[in-house]
Amino acid sequence: MSGIAGIFHQDGALVAAEDLRRMTSLLARQGPEGVGVWLGGSSGLVHTLLATTPELLFERQPLEDTASGCIITADVRLDNREELLDGLGISERSASVGDAGVILAAYLAWGEICVERLLGDFAFAIWDGRERKLLCARDPFGMRPFYYHHTPGCFFAFASEPRAILALPRTPYRINEGRIADFLVNQLEGIDKTSTFFETVYRLPPAHTLIVTPEGMRRRRYWTLEPGSELRLPSNEAYAEAFLDVFTEAVRCRLRGAGR
């Protein structure tokens, strides 16, 4: 998994390059193949690369759409990549568009609800300078990590690891003893989806987005597991064949590797 991080000063203060370097150095183990940093006044984004798909060998993040000025940093593997490329009308140049580029194109086409069309494992943040808005999202099952700290009206920071957030001077460092107790009691571990071992650092729950603007922060659940219609087939063999079709496709779309 690649590493991602970023800072947004809601109060308009300038992001210090040194703060982004602190975060980068602590995420280096997640991305040993390259580091990218974008700094833009009151916001900044970081990406440390671990190339796990063919397109990541050519895509460098944070990735900017020059026309809109929107920028993304993402830890992602999309399973419905071909479907999204077709829907966005960019399938003819698919080899040059990484998964982060697909997500950014989806955001520009469909807005915040683009996340509802994504299948796969992902955690990402998009800075939209037109609205001074940061859109953050995590995949439905929480396969990719996303941690954040928020001092309302002042400071927001996120990263793939809590320690990259705690390294910032504006982040208070306090141990969360209650969370440690929950972790030691197995029955409680699956209930709390937001707290961490640190009082001032939180997890973005699976299947949620987080919107941060100068005015505040709001969180939204974009997906819920719901039972579908009952499947009725004529024989056990037909059920086995239907399962094999689904299972084969699930494996196929996860085998897209960087060829190393």
# chains A, B, ... in the order shown; residues from 1 in each chain; ligands from 1
$ select_by_dssp --residues "range 98-183 of chain A" --states "helix (DSSP H, G or I)" --output "NGL selection string"
:A and (99-117 or 162-166 or 177-183)
$ residues_around --residues "His47 in chain A" --least-positions-apart "4" --cutoff "12 Å" --atoms "only C-alpha atoms" --output "ChimeraX atom specification"
/A:1-6,20-21,23-39,51,59-63,71-76,100,123-125,158-160
$ residues_around --residues "Ser94 in chain A" --least-positions-apart "3" --cutoff "12 Å" --atoms "only C-alpha atoms" --output "tab-separated table (two decimals) with N, CA and C atoms, in the first residue's frame"
chain	number	residue	atom	x	y	z
A	54	PRO	N	0.07	-1.81	-12.82
A	54	PRO	CA	0.91	-1.36	-13.94
A	54	PRO	C	0.90	0.15	-14.13
A	55	GLU	N	-0.26	0.77	-13.97
A	55	GLU	CA	-0.37	2.20	-14.23
A	55	GLU	C	0.37	3.04	-13.20
A	58	PHE	N	3.75	4.68	-13.88
A	58	PHE	CA	3.84	5.89	-14.70
A	58	PHE	C	3.11	7.08	-14.08
A	59	GLU	N	2.23	6.83	-13.11
A	59	GLU	CA	1.45	7.91	-12.50
A	59	GLU	C	2.19	8.43	-11.28
A	81	ARG	N	-12.28	-0.76	-12.84
A	81	ARG	CA	-11.55	0.25	-13.61
A	81	ARG	C	-12.09	0.38	-15.05
A	82	GLU	N	-12.26	-0.75	-15.74
A	82	GLU	CA	-12.72	-0.70	-17.13
A	82	GLU	C	-14.09	-0.05	-17.25
A	83	GLU	N	-14.98	-0.38	-16.33
A	83	GLU	CA	-16.32	0.21	-16.34
A	83	GLU	C	-16.26	1.72	-16.16
A	84	LEU	N	-15.41	2.19	-15.25
A	84	LEU	CA	-15.28	3.62	-15.01
A	84	LEU	C	-14.65	4.33	-16.21
A	85	LEU	N	-13.64	3.72	-16.80
A	85	LEU	CA	-13.00	4.32	-17.98
A	85	LEU	C	-14.00	4.50	-19.10
A	86	ASP	N	-14.84	3.49	-19.31
A	86	ASP	CA	-15.87	3.59	-20.36
A	86	ASP	C	-16.88	4.68	-20.02
A	88	LEU	N	-16.49	7.29	-18.27
A	88	LEU	CA	-15.90	8.63	-18.31
A	88	LEU	C	-15.41	9.01	-19.70
A	89	GLY	N	-15.47	8.04	-20.63
A	89	GLY	CA	-15.04	8.32	-22.00
A	89	GLY	C	-13.55	8.47	-22.17
A	90	ILE	N	-12.76	7.77	-21.34
A	90	ILE	CA	-11.31	7.88	-21.44
A	90	ILE	C	-10.65	6.52	-21.64
A	91	SER	N	-11.42	5.54	-22.11
A	91	SER	CA	-10.88	4.19	-22.26
A	91	SER	C	-9.79	4.13	-23.31
A	97	VAL	N	-3.49	6.29	-17.75
A	97	VAL	CA	-4.29	6.84	-16.64
A	97	VAL	C	-4.27	5.86	-15.48
A	98	GLY	N	-3.70	6.27	-14.37
A	98	GLY	CA	-3.69	5.42	-13.18
A	98	GLY	C	-5.02	5.47	-12.45
A	99	ASP	N	-5.12	4.66	-11.41
A	99	ASP	CA	-6.39	4.60	-10.67
A	99	ASP	C	-6.70	5.92	-9.97
A	101	GLY	N	-5.92	8.81	-11.17
A	101	GLY	CA	-6.42	9.65	-12.26
A	101	GLY	C	-7.86	9.35	-12.61
A	102	VAL	N	-8.24	8.07	-12.51
A	102	VAL	CA	-9.63	7.69	-12.77
A	102	VAL	C	-10.55	8.30	-11.71
$ residues_around --residues "range 192-207 of chain A" --least-positions-apart "2" --cutoff "10 Å" --atoms "only C-alpha atoms" --output "NGL selection string"
:A and (115-116 or 122-123 or 136-151 or 157-163 or 165-166 or 171-183 or 188-190 or 209-210 or 219-225)
$ atom_distance --atom1 "CA of Val15 in chain A" --atom2 "CA of Ser43 in chain A"
5.9 Å
$ select_by_dssp --residues "range 12-148 of chain A" --states "strand (DSSP E or B)" --output "JSON, numbers by chain"
{"A": [32, 35, 36, 37, 38, 39, 40, 43, 44, 45, 46, 47, 48, 49, 63, 64, 71, 72, 73, 74, 75, 76, 77, 78, 120, 121, 122, 123, 124, 125, 126, 127, 128, 133, 134, 135, 136, 137, 138, 147, 148]}
$ residues_around --residues "Val212 in chain A" --least-positions-apart "5" --cutoff "8 Å" --atoms "only C-alpha atoms" --output "PyMOL selection string"
chain A and resi 133-135+156+217-218
$ write_last_selection --atoms "N, CA, C and O atoms" --output "compact mmCIF listing (two decimals), in the first residue's frame"
# COMPACT_ATOMS: atom_id res chain seq x y z
N LYS A 133 -12.15 23.20 -0.66
CA LYS A 133 -12.80 22.03 -0.08
C LYS A 133 -11.87 20.82 -0.20
O LYS A 133 -11.25 20.60 -1.24
N LEU A 134 -11.82 20.03 0.87
CA LEU A 134 -11.07 18.78 0.86
C LEU A 134 -12.05 17.62 0.99
O LEU A 134 -12.79 17.54 1.97
N LEU A 135 -12.08 16.76 -0.02
CA LEU A 135 -12.92 15.57 0.00
C LEU A 135 -12.06 14.36 0.34
O LEU A 135 -11.10 14.06 -0.36
N PHE A 156 -6.79 20.78 10.07
CA PHE A 156 -7.16 19.41 9.74
C PHE A 156 -5.96 18.73 9.12
O PHE A 156 -5.28 19.30 8.25
N MET A 217 -16.62 20.69 9.11
CA MET A 217 -16.35 19.34 8.64
C MET A 217 -17.64 18.53 8.74
O MET A 217 -18.38 18.65 9.72
N ARG A 218 -17.91 17.72 7.71
CA ARG A 218 -19.09 16.85 7.79
C ARG A 218 -18.74 15.47 7.24
O ARG A 218 -17.97 15.34 6.30
$ atom_distance --atom1 "CA of Arg132 in chain A" --atom2 "CA of Val46 in chain A"
17.6 Å
$ decode --residues "range 149-168 of chain A" --atoms "C-alpha atoms" --output "mmCIF file, in the first residue's frame"
data_model
loop_
_atom_site.group_PDB
_atom_site.id
_atom_site.type_symbol
_atom_site.label_atom_id
_atom_site.label_comp_id
_atom_site.auth_asym_id
_atom_site.auth_seq_id
_atom_site.Cartn_x
_atom_site.Cartn_y
_atom_site.Cartn_z
ATOM 1 C CA HIS A 149 -7.073 15.033 13.374
ATOM 2 C CA HIS A 150 -9.348 18.069 13.452
ATOM 3 C CA THR A 151 -9.105 21.214 15.537
ATOM 4 C CA PRO A 152 -12.416 22.905 14.538
ATOM 5 C CA GLY A 153 -12.014 26.119 12.598
ATOM 6 C CA CYS A 154 -8.270 25.839 12.690
ATOM 7 C CA PHE A 155 -6.491 22.729 11.488
ATOM 8 C CA PHE A 156 -7.160 19.409 9.743
ATOM 9 C CA ALA A 157 -4.579 16.734 8.989
ATOM 10 C CA PHE A 158 -4.818 13.182 7.653
ATOM 11 C CA ALA A 159 -2.457 10.299 6.962
ATOM 12 C CA SER A 160 -2.190 6.559 6.429
ATOM 13 C CA GLU A 161 -0.596 6.236 9.893
ATOM 14 C CA PRO A 162 -1.374 8.093 13.146
ATOM 15 C CA ARG A 163 2.270 8.856 13.855
ATOM 16 C CA ALA A 164 2.507 11.015 10.719
ATOM 17 C CA ILE A 165 -0.248 13.217 12.189
ATOM 18 C CA LEU A 166 1.170 13.225 15.704
ATOM 19 C CA ALA A 167 4.499 14.462 14.343
ATOM 20 C CA LEU A 168 2.888 17.836 13.560
#
